[in-house]
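Shown below: final13.txt, with compact mmCIF, N, CA and C atoms.
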# COMPACT_ATOMS: atom_id res chain seq x y z
N GLN A 58 122.18 215.72 210.13
CA GLN A 58 122.07 214.35 209.69
C GLN A 58 122.32 213.41 210.87
N VAL A 59 121.63 212.30 210.85
CA VAL A 59 121.76 211.34 211.94
C VAL A 59 122.60 210.15 211.48
N GLN A 60 123.45 209.69 212.37
CA GLN A 60 124.21 208.46 212.12
C GLN A 60 123.65 207.37 213.03
N LEU A 61 123.59 206.15 212.51
CA LEU A 61 122.95 205.05 213.21
C LEU A 61 123.91 203.89 213.38
N VAL A 62 123.93 203.31 214.56
CA VAL A 62 124.77 202.15 214.84
C VAL A 62 123.95 201.09 215.56
N GLU A 63 123.90 199.90 214.95
CA GLU A 63 123.16 198.80 215.54
C GLU A 63 124.09 197.91 216.38
N SER A 64 123.48 197.22 217.32
CA SER A 64 124.19 196.23 218.12
C SER A 64 123.20 195.21 218.64
N GLY A 65 123.73 194.11 219.19
CA GLY A 65 122.86 193.13 219.81
C GLY A 65 122.64 191.86 219.00
N GLY A 66 123.14 191.84 217.79
CA GLY A 66 122.99 190.63 216.99
C GLY A 66 123.84 189.50 217.54
N GLY A 67 123.64 188.32 216.97
CA GLY A 67 124.41 187.16 217.40
C GLY A 67 123.79 185.87 216.95
N LEU A 68 124.25 184.79 217.57
CA LEU A 68 123.77 183.45 217.26
C LEU A 68 122.81 183.00 218.35
N VAL A 69 121.66 182.52 217.96
CA VAL A 69 120.66 182.05 218.92
C VAL A 69 119.97 180.83 218.35
N GLN A 70 119.53 179.95 219.24
CA GLN A 70 118.80 178.78 218.78
C GLN A 70 117.36 179.14 218.45
N ALA A 71 116.76 178.34 217.60
CA ALA A 71 115.35 178.54 217.27
C ALA A 71 114.53 178.56 218.55
N GLY A 72 113.61 179.51 218.61
CA GLY A 72 112.80 179.68 219.80
C GLY A 72 113.39 180.64 220.81
N GLY A 73 114.62 181.05 220.59
CA GLY A 73 115.29 181.96 221.51
C GLY A 73 114.95 183.41 221.26
N SER A 74 115.62 184.27 222.03
CA SER A 74 115.35 185.70 221.98
C SER A 74 116.64 186.50 221.83
N LEU A 75 116.50 187.66 221.23
CA LEU A 75 117.57 188.65 221.14
C LEU A 75 116.94 190.02 221.24
N ARG A 76 117.73 190.98 221.73
CA ARG A 76 117.30 192.37 221.70
C ARG A 76 118.33 193.18 220.94
N LEU A 77 117.88 193.81 219.88
CA LEU A 77 118.72 194.68 219.08
C LEU A 77 118.58 196.12 219.56
N SER A 78 119.67 196.87 219.43
CA SER A 78 119.66 198.28 219.75
C SER A 78 120.15 199.08 218.56
N CYS A 79 119.67 200.28 218.45
CA CYS A 79 120.10 201.20 217.39
C CYS A 79 120.30 202.57 218.05
N VAL A 80 121.52 203.03 218.07
CA VAL A 80 121.83 204.31 218.67
C VAL A 80 122.01 205.36 217.58
N GLY A 81 121.34 206.49 217.76
CA GLY A 81 121.46 207.58 216.80
C GLY A 81 122.31 208.71 217.36
N SER A 82 123.06 209.36 216.49
CA SER A 82 123.86 210.51 216.89
C SER A 82 123.89 211.52 215.74
N GLY A 83 124.18 212.76 216.10
CA GLY A 83 124.32 213.79 215.08
C GLY A 83 123.04 214.49 214.70
N GLY A 84 121.96 214.15 215.35
CA GLY A 84 120.69 214.79 215.05
C GLY A 84 119.77 214.73 216.25
N SER A 85 118.63 215.39 216.16
CA SER A 85 117.64 215.34 217.24
C SER A 85 116.84 214.05 217.07
N PHE A 86 117.23 213.04 217.81
CA PHE A 86 116.66 211.70 217.62
C PHE A 86 115.14 211.70 217.68
N SER A 87 114.59 212.53 218.54
CA SER A 87 113.13 212.54 218.72
C SER A 87 112.39 213.08 217.51
N LEU A 88 113.09 213.66 216.56
CA LEU A 88 112.47 214.17 215.34
C LEU A 88 112.53 213.17 214.18
N TYR A 89 112.97 211.96 214.47
CA TYR A 89 113.11 210.95 213.42
C TYR A 89 112.18 209.77 213.68
N ALA A 90 111.38 209.45 212.67
CA ALA A 90 110.68 208.17 212.69
C ALA A 90 111.70 207.08 212.41
N MET A 91 111.51 205.93 213.04
CA MET A 91 112.53 204.89 212.97
C MET A 91 111.94 203.55 212.52
N GLY A 92 112.78 202.73 211.94
CA GLY A 92 112.32 201.42 211.52
C GLY A 92 113.43 200.39 211.54
N TRP A 93 113.01 199.14 211.53
CA TRP A 93 113.91 198.01 211.40
C TRP A 93 113.57 197.25 210.11
N PHE A 94 114.62 196.88 209.41
CA PHE A 94 114.50 196.06 208.20
C PHE A 94 115.50 194.92 208.31
N ARG A 95 115.30 193.89 207.49
CA ARG A 95 116.24 192.78 207.49
C ARG A 95 116.43 192.27 206.06
N GLN A 96 117.61 191.69 205.84
CA GLN A 96 117.92 191.14 204.53
C GLN A 96 118.67 189.83 204.69
N SER A 97 118.09 188.79 204.10
CA SER A 97 118.72 187.47 204.10
C SER A 97 119.48 187.30 202.79
N PRO A 98 120.47 186.41 202.77
CA PRO A 98 121.24 186.20 201.54
C PRO A 98 120.34 185.82 200.37
N GLY A 99 120.51 186.51 199.27
CA GLY A 99 119.74 186.21 198.08
C GLY A 99 118.34 186.75 198.06
N LYS A 100 117.98 187.49 199.09
CA LYS A 100 116.63 188.04 199.17
C LYS A 100 116.67 189.56 199.25
N GLU A 101 115.55 190.16 198.94
CA GLU A 101 115.45 191.61 199.05
C GLU A 101 115.28 192.00 200.53
N ARG A 102 115.66 193.23 200.80
CA ARG A 102 115.45 193.74 202.14
C ARG A 102 113.96 193.83 202.42
N GLU A 103 113.56 193.45 203.63
CA GLU A 103 112.15 193.48 203.98
C GLU A 103 111.91 194.24 205.27
N PHE A 104 110.74 194.82 205.35
CA PHE A 104 110.32 195.57 206.52
C PHE A 104 110.04 194.64 207.68
N VAL A 105 110.45 195.05 208.87
CA VAL A 105 110.19 194.28 210.08
C VAL A 105 109.26 195.04 211.02
N ALA A 106 109.66 196.25 211.39
CA ALA A 106 108.86 197.02 212.35
C ALA A 106 109.25 198.49 212.24
N ALA A 107 108.33 199.35 212.66
CA ALA A 107 108.57 200.78 212.65
C ALA A 107 107.93 201.41 213.86
N ILE A 108 108.40 202.60 214.19
CA ILE A 108 107.84 203.31 215.33
C ILE A 108 107.86 204.80 215.05
N SER A 109 106.81 205.47 215.47
CA SER A 109 106.71 206.91 215.27
C SER A 109 107.77 207.63 216.08
N ARG A 110 107.99 208.89 215.75
CA ARG A 110 109.08 209.62 216.39
C ARG A 110 108.85 209.82 217.89
N ASN A 111 107.58 209.83 218.29
CA ASN A 111 107.29 210.00 219.71
C ASN A 111 107.15 208.67 220.46
N GLY A 112 107.31 207.57 219.73
CA GLY A 112 107.27 206.26 220.37
C GLY A 112 105.88 205.74 220.67
N VAL A 113 104.86 206.47 220.28
CA VAL A 113 103.49 206.08 220.63
C VAL A 113 102.94 205.01 219.70
N THR A 114 103.31 205.09 218.44
CA THR A 114 102.68 204.23 217.43
C THR A 114 103.69 203.25 216.83
N PRO A 115 103.59 201.97 217.18
CA PRO A 115 104.40 200.95 216.52
C PRO A 115 103.65 200.37 215.33
N TYR A 116 104.39 199.73 214.46
CA TYR A 116 103.78 199.07 213.30
C TYR A 116 104.67 197.89 212.94
N TYR A 117 104.04 196.73 212.65
CA TYR A 117 104.79 195.51 212.45
C TYR A 117 104.43 194.81 211.15
N ALA A 118 105.41 194.11 210.60
CA ALA A 118 105.11 193.18 209.53
C ALA A 118 104.28 192.05 210.13
N ASP A 119 103.38 191.50 209.34
CA ASP A 119 102.51 190.45 209.84
C ASP A 119 103.30 189.26 210.39
N SER A 120 104.43 188.99 209.78
CA SER A 120 105.20 187.80 210.15
C SER A 120 105.82 187.89 211.53
N VAL A 121 105.93 189.10 212.09
CA VAL A 121 106.60 189.25 213.38
C VAL A 121 105.66 189.75 214.48
N LYS A 122 104.43 190.04 214.12
CA LYS A 122 103.47 190.51 215.13
C LYS A 122 103.40 189.53 216.29
N VAL A 123 103.28 190.03 217.46
CA VAL A 123 103.17 189.27 218.71
C VAL A 123 104.56 188.84 219.20
N ARG A 124 105.42 188.41 218.29
CA ARG A 124 106.73 187.90 218.71
C ARG A 124 107.78 189.01 218.90
N PHE A 125 107.69 190.08 218.11
CA PHE A 125 108.67 191.16 218.17
C PHE A 125 108.02 192.40 218.78
N THR A 126 108.84 193.17 219.49
CA THR A 126 108.38 194.44 220.06
C THR A 126 109.40 195.53 219.75
N ILE A 127 108.93 196.60 219.14
CA ILE A 127 109.77 197.75 218.86
C ILE A 127 109.51 198.82 219.91
N SER A 128 110.56 199.50 220.31
CA SER A 128 110.41 200.59 221.29
C SER A 128 111.55 201.57 221.09
N ARG A 129 111.45 202.70 221.75
CA ARG A 129 112.51 203.69 221.67
C ARG A 129 112.59 204.48 222.96
N ASP A 130 113.77 204.99 223.24
CA ASP A 130 114.00 205.86 224.38
C ASP A 130 114.68 207.10 223.82
N ASN A 131 113.90 208.13 223.59
CA ASN A 131 114.45 209.33 222.96
C ASN A 131 115.49 210.03 223.84
N ALA A 132 115.36 209.88 225.14
CA ALA A 132 116.35 210.48 226.04
C ALA A 132 117.73 209.85 225.86
N LYS A 133 117.73 208.59 225.41
CA LYS A 133 118.99 207.87 225.17
C LYS A 133 119.32 207.77 223.69
N SER A 134 118.49 208.39 222.86
CA SER A 134 118.69 208.34 221.40
C SER A 134 118.84 206.90 220.91
N THR A 135 118.00 206.04 221.43
CA THR A 135 118.13 204.62 221.14
C THR A 135 116.78 203.99 220.82
N MET A 136 116.80 203.11 219.84
CA MET A 136 115.64 202.31 219.48
C MET A 136 115.99 200.85 219.73
N TYR A 137 114.96 200.08 220.06
CA TYR A 137 115.18 198.67 220.38
C TYR A 137 114.25 197.78 219.55
N LEU A 138 114.68 196.54 219.38
CA LEU A 138 113.81 195.53 218.80
C LEU A 138 113.98 194.26 219.62
N GLN A 139 112.97 193.94 220.41
CA GLN A 139 112.97 192.71 221.19
C GLN A 139 112.38 191.61 220.31
N MET A 140 113.16 190.56 220.09
CA MET A 140 112.74 189.49 219.21
C MET A 140 112.63 188.20 220.00
N ASN A 141 111.45 187.65 220.05
CA ASN A 141 111.20 186.40 220.77
C ASN A 141 110.77 185.31 219.78
N SER A 142 110.91 184.06 220.22
CA SER A 142 110.49 182.92 219.41
C SER A 142 111.08 182.98 218.01
N LEU A 143 112.37 183.23 217.94
CA LEU A 143 113.01 183.39 216.65
C LEU A 143 113.02 182.09 215.84
N ARG A 144 112.97 182.25 214.55
CA ARG A 144 112.90 181.11 213.61
C ARG A 144 114.14 181.10 212.72
N PRO A 145 114.57 179.96 212.27
CA PRO A 145 115.76 179.89 211.40
C PRO A 145 115.64 180.77 210.16
N GLU A 146 114.46 180.86 209.60
CA GLU A 146 114.28 181.67 208.38
C GLU A 146 114.40 183.16 208.65
N GLU A 147 114.53 183.54 209.92
CA GLU A 147 114.72 184.95 210.25
C GLU A 147 116.20 185.32 210.37
N THR A 148 117.05 184.39 210.02
CA THR A 148 118.48 184.70 209.91
C THR A 148 118.68 185.75 208.83
N ALA A 149 119.33 186.85 209.23
CA ALA A 149 119.46 187.98 208.31
C ALA A 149 120.35 189.04 208.94
N VAL A 150 120.71 190.01 208.12
CA VAL A 150 121.30 191.24 208.64
C VAL A 150 120.16 192.20 208.94
N TYR A 151 120.11 192.64 210.16
CA TYR A 151 119.07 193.56 210.61
C TYR A 151 119.63 194.97 210.64
N SER A 152 118.92 195.88 209.98
CA SER A 152 119.37 197.26 209.90
C SER A 152 118.31 198.20 210.43
N CYS A 153 118.78 199.25 211.09
CA CYS A 153 117.83 200.28 211.50
C CYS A 153 117.89 201.43 210.51
N ALA A 154 116.82 202.18 210.46
CA ALA A 154 116.70 203.28 209.51
C ALA A 154 115.97 204.43 210.16
N ALA A 155 116.26 205.63 209.67
CA ALA A 155 115.63 206.85 210.20
C ALA A 155 115.06 207.69 209.08
N ARG A 156 113.93 208.30 209.38
CA ARG A 156 113.29 209.22 208.44
C ARG A 156 113.09 210.55 209.15
N GLY A 157 113.61 211.60 208.54
CA GLY A 157 113.39 212.90 209.16
C GLY A 157 114.49 213.88 208.83
N PRO A 158 114.53 214.99 209.56
CA PRO A 158 113.64 215.28 210.67
C PRO A 158 112.21 215.55 210.20
N THR A 159 111.25 215.16 211.05
CA THR A 159 109.86 215.27 210.69
C THR A 159 109.03 215.60 211.91
N TYR A 160 107.89 216.26 211.68
CA TYR A 160 106.94 216.50 212.75
C TYR A 160 105.77 215.53 212.67
N SER A 161 105.78 214.67 211.67
CA SER A 161 104.76 213.64 211.57
C SER A 161 104.90 212.64 212.71
N ILE A 162 103.77 212.11 213.17
CA ILE A 162 103.80 211.09 214.21
C ILE A 162 103.35 209.75 213.65
N ASP A 163 103.53 209.57 212.35
CA ASP A 163 103.23 208.30 211.72
C ASP A 163 104.44 207.39 211.72
N PRO A 164 104.23 206.07 211.76
CA PRO A 164 105.32 205.13 211.47
C PRO A 164 105.36 204.90 209.97
N TYR A 165 106.47 204.42 209.46
CA TYR A 165 106.65 204.23 208.01
C TYR A 165 107.20 202.84 207.74
N SER A 166 106.66 202.18 206.72
CA SER A 166 107.04 200.80 206.48
C SER A 166 107.77 200.56 205.17
N ARG A 167 107.89 201.56 204.33
CA ARG A 167 108.55 201.36 203.05
C ARG A 167 110.03 201.72 203.15
N GLU A 168 110.84 200.94 202.50
CA GLU A 168 112.27 201.21 202.49
C GLU A 168 112.55 202.60 201.94
N SER A 169 111.79 203.02 200.94
CA SER A 169 112.01 204.31 200.31
C SER A 169 111.61 205.48 201.21
N ASP A 170 110.93 205.20 202.32
CA ASP A 170 110.57 206.25 203.26
C ASP A 170 111.76 206.76 204.06
N TYR A 171 112.81 205.98 204.09
CA TYR A 171 113.93 206.26 204.99
C TYR A 171 115.15 206.77 204.24
N GLY A 172 115.81 207.75 204.87
CA GLY A 172 116.97 208.35 204.23
C GLY A 172 118.29 208.02 204.90
N TYR A 173 118.21 207.46 206.10
CA TYR A 173 119.43 207.17 206.85
C TYR A 173 119.39 205.72 207.31
N TRP A 174 120.55 205.07 207.18
CA TRP A 174 120.64 203.65 207.48
C TRP A 174 121.90 203.34 208.30
N GLY A 175 121.78 202.36 209.17
CA GLY A 175 122.93 201.83 209.86
C GLY A 175 123.60 200.76 209.02
N GLN A 176 124.71 200.24 209.53
CA GLN A 176 125.46 199.22 208.80
C GLN A 176 124.86 197.83 208.95
N GLY A 177 124.08 197.65 209.98
CA GLY A 177 123.43 196.35 210.18
C GLY A 177 124.14 195.49 211.20
N THR A 178 123.38 194.56 211.76
CA THR A 178 123.93 193.59 212.70
C THR A 178 123.40 192.21 212.31
N GLN A 179 124.27 191.22 212.35
CA GLN A 179 123.91 189.88 211.89
C GLN A 179 123.16 189.14 213.00
N VAL A 180 122.05 188.56 212.60
CA VAL A 180 121.29 187.67 213.49
C VAL A 180 121.25 186.30 212.82
N THR A 181 121.72 185.29 213.53
CA THR A 181 121.72 183.93 213.01
C THR A 181 120.92 183.05 213.96
N VAL A 182 119.91 182.40 213.41
CA VAL A 182 119.05 181.53 214.20
C VAL A 182 119.29 180.09 213.76
N SER A 183 119.81 179.29 214.65
CA SER A 183 120.11 177.90 214.31
C SER A 183 118.93 177.00 214.61
N SER A 184 118.80 175.95 213.81
CA SER A 184 117.66 175.03 213.98
C SER A 184 118.02 173.89 214.91

Mind turning this structure into structure tokens?
Amino acid sequence: QVQLVESGGGLVQAGGSLRLSCVGSGGSFSLYAMGWFRQSPGKEREFVAAISRNGVTPYYADSVKVRFTISRDNAKSTMYLQMNSLRPEETAVYSCAARGPTYSIDPYSRESDYGYWGQGTQVTVSS
């Protein structure tokens, strides 16, 4: 089983940038497809971005395309989310998730696709 720990959240002004990290331990990180989700107060958790286990195939929610970049470094058991041009409505707890172990090289966008979750990191975007 893999354990996930996020970091990199914080307070940023609208239009600013943050980079989130998600470190995995306890499993073969390269065998897990990974994703980022976020949840704002009073709202359901929503998909942000996903990446295949080999890092070749990213997939994004339409709302973050172009502005966000997902990546991973399997040698460091770490996934990243570079967030640019942040908006106040993107204030949320951002959580990383893992699916696997798997030999599939697909990314996954549904919350139900994932079996392992981190605790989340708060991102606050001020206007």

For A:Phe125, work out the shell of residues within 6.5 Å, counting all atoms listed in the file and skipping chain neighbours fewer than 2 positions away, then give it as a CSV table (one decimal) with N, CA and C atoms, keeping the file's coordinate frame.
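What follows is the written file around.csv:
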chain,number,residue,atom,x,y,z
A,121,VAL,N,105.9,189.1,212.1
A,121,VAL,CA,106.6,189.2,213.4
A,121,VAL,C,105.7,189.8,214.5
A,122,LYS,N,104.4,190.0,214.1
A,122,LYS,CA,103.5,190.5,215.1
A,122,LYS,C,103.4,189.5,216.3
A,123,VAL,N,103.3,190.0,217.5
A,123,VAL,CA,103.2,189.3,218.7
A,123,VAL,C,104.6,188.8,219.2
A,127,ILE,N,108.9,196.6,219.1
A,127,ILE,CA,109.8,197.8,218.9
A,127,ILE,C,109.5,198.8,219.9
A,138,LEU,N,114.7,196.5,219.4
A,138,LEU,CA,113.8,195.5,218.8
A,138,LEU,C,114.0,194.3,219.6
A,139,GLN,N,113.0,193.9,220.4
A,139,GLN,CA,113.0,192.7,221.2
A,139,GLN,C,112.4,191.6,220.3
A,140,MET,N,113.2,190.6,220.1
A,140,MET,CA,112.7,189.5,219.2
A,140,MET,C,112.6,188.2,220.0
A,141,ASN,N,111.4,187.6,220.0
A,141,ASN,CA,111.2,186.4,220.8
A,141,ASN,C,110.8,185.3,219.8

- Item | Test item, strand (DSSP E) assignment across stretch 63-148 of chain A, answer as an MDAnalysis selection string | chainID A and resid 63:64 67:70 75:82 90:96 103:108 115:117 125:130 135:140

Show me, as JSON lines, the residues of stretch 134-158 of chain A having an atom within 7 Å of stretch 79-85 of chain A, each with the closest atom pair and its distance in Å, using all atoms listed in the file.
{"residue": "A:Ser134", "atom": "C", "partner": "A:Gly81", "partner_atom": "N", "distance": 4.0}
{"residue": "A:Thr135", "atom": "CA", "partner": "A:Cys79", "partner_atom": "C", "distance": 4.3}
{"residue": "A:Met136", "atom": "C", "partner": "A:Cys79", "partner_atom": "N", "distance": 3.9}
{"residue": "A:Tyr137", "atom": "N", "partner": "A:Cys79", "partner_atom": "N", "distance": 5.0}
{"residue": "A:Leu138", "atom": "N", "partner": "A:Cys79", "partner_atom": "N", "distance": 6.3}
{"residue": "A:Cys153", "atom": "CA", "partner": "A:Cys79", "partner_atom": "CA", "distance": 6.4}

Store the residues picked out above, limited to N, CA and C atoms, as a CSV table (one decimal), in the frame of the given file.
chain,number,residue,atom,x,y,z
A,134,SER,N,118.5,208.4,222.9
A,134,SER,CA,118.7,208.3,221.4
A,134,SER,C,118.8,206.9,220.9
A,135,THR,N,118.0,206.0,221.4
A,135,THR,CA,118.1,204.6,221.1
A,135,THR,C,116.8,204.0,220.8
A,136,MET,N,116.8,203.1,219.8
A,136,MET,CA,115.6,202.3,219.5
A,136,MET,C,116.0,200.8,219.7
A,137,TYR,N,115.0,200.1,220.1
A,137,TYR,CA,115.2,198.7,220.4
A,137,TYR,C,114.2,197.8,219.6
A,138,LEU,N,114.7,196.5,219.4
A,138,LEU,CA,113.8,195.5,218.8
A,138,LEU,C,114.0,194.3,219.6
A,153,CYS,N,118.8,199.2,211.1
A,153,CYS,CA,117.8,200.3,211.5
A,153,CYS,C,117.9,201.4,210.5

- Item | Test item: residues at most 7 Å from A:Tyr173, all atoms listed in the file, excluding those fewer than 2 positions along its chain, as a list in words | Val59, Leu61, Cys153, Ala154, Ala155, Arg156, Gly157, Asp170, Tyr171 and Gly175 of chain A

- Query: Smallest atom-to-atom distance to A:Gly172: which of A:Leu77, A:Arg129, A:Gln70, A:Ala90, using only C-alpha atoms?
  - Reply: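 The answer is A:Ala90, which sits nearest to A:Gly172.
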
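Using all atoms listed in the file, the nearest neighbour of A:Thr114 within the list A:Arg95, A:Gly73, A:Gln176, A:Tyr165 is A:Tyr165.
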
- Query: Pick from A:Gln58, A:Gly65, A:Leu75, A:Pro158: nearest to A:Ser142, with all atoms listed in the file counted?
  - Reply: A:Leu75

- Suppose you want the space between atom C of A:Ile162 and atom C of A:Tyr116; what is it in Å?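 Separating atom C of A:Ile162 from atom C of A:Tyr116 is a distance of 12.0 Å.
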
- Atomic separation - atom CA of A:Thr126 relative to atom CA of A:Gly177, Å: 18.1 Å

- Message: To one decimal place in Å, what is the distance between atom CA of A:Arg144 and atom CA of A:Ser109?
- Response: 26.6 Å

- Task: Mind checking which residues fall within 6 Å of A:Glu103, counting all atoms listed in the file, ignoring those fewer than 5 positions away in the same chain, and posting them as an NGL selection string?
- Result: :A and (93-96)

- Item | Within 7 Å of A:Glu146 using all atoms listed in the file, minus same-chain residues under 3 positions, as a PyMOL selection string | chain A and resi 143+149+182

- Query: Nearest to A:Thr181: which of A:Val62, A:Ala107, A:Ala132, A:Val69 is it, counting only N, CA and C atoms?
  - Reply: A:Val69

Closest-contact table, stretch 79-106 of chain A side, partner stretch 110-113 of chain A, 6 Å, counting only C-alpha atoms, as CSV:
residue,atom,partner,partner_atom,distance
A:Ser87,CA,A:Arg110,CA,5.5
A:Leu88,CA,A:Arg110,CA,5.8
A:Tyr89,CA,A:Arg110,CA,5.2
A:Ala90,CA,A:Arg110,CA,4.3

- Find, counting only C-alpha atoms, the residue in A:Ser183, A:Gln60, A:Thr159, A:Ser128 that gets nearest to A:Gly92.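 For A:Gly92, the nearest of the given residues is A:Ser128.
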
- Counting only C-alpha atoms, which of A:Pro164, A:Pro115, A:Pro98, A:Gly66 gets nearest to A:Ser78?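 Distance minimum relative to A:Ser78 lands on A:Gly66.
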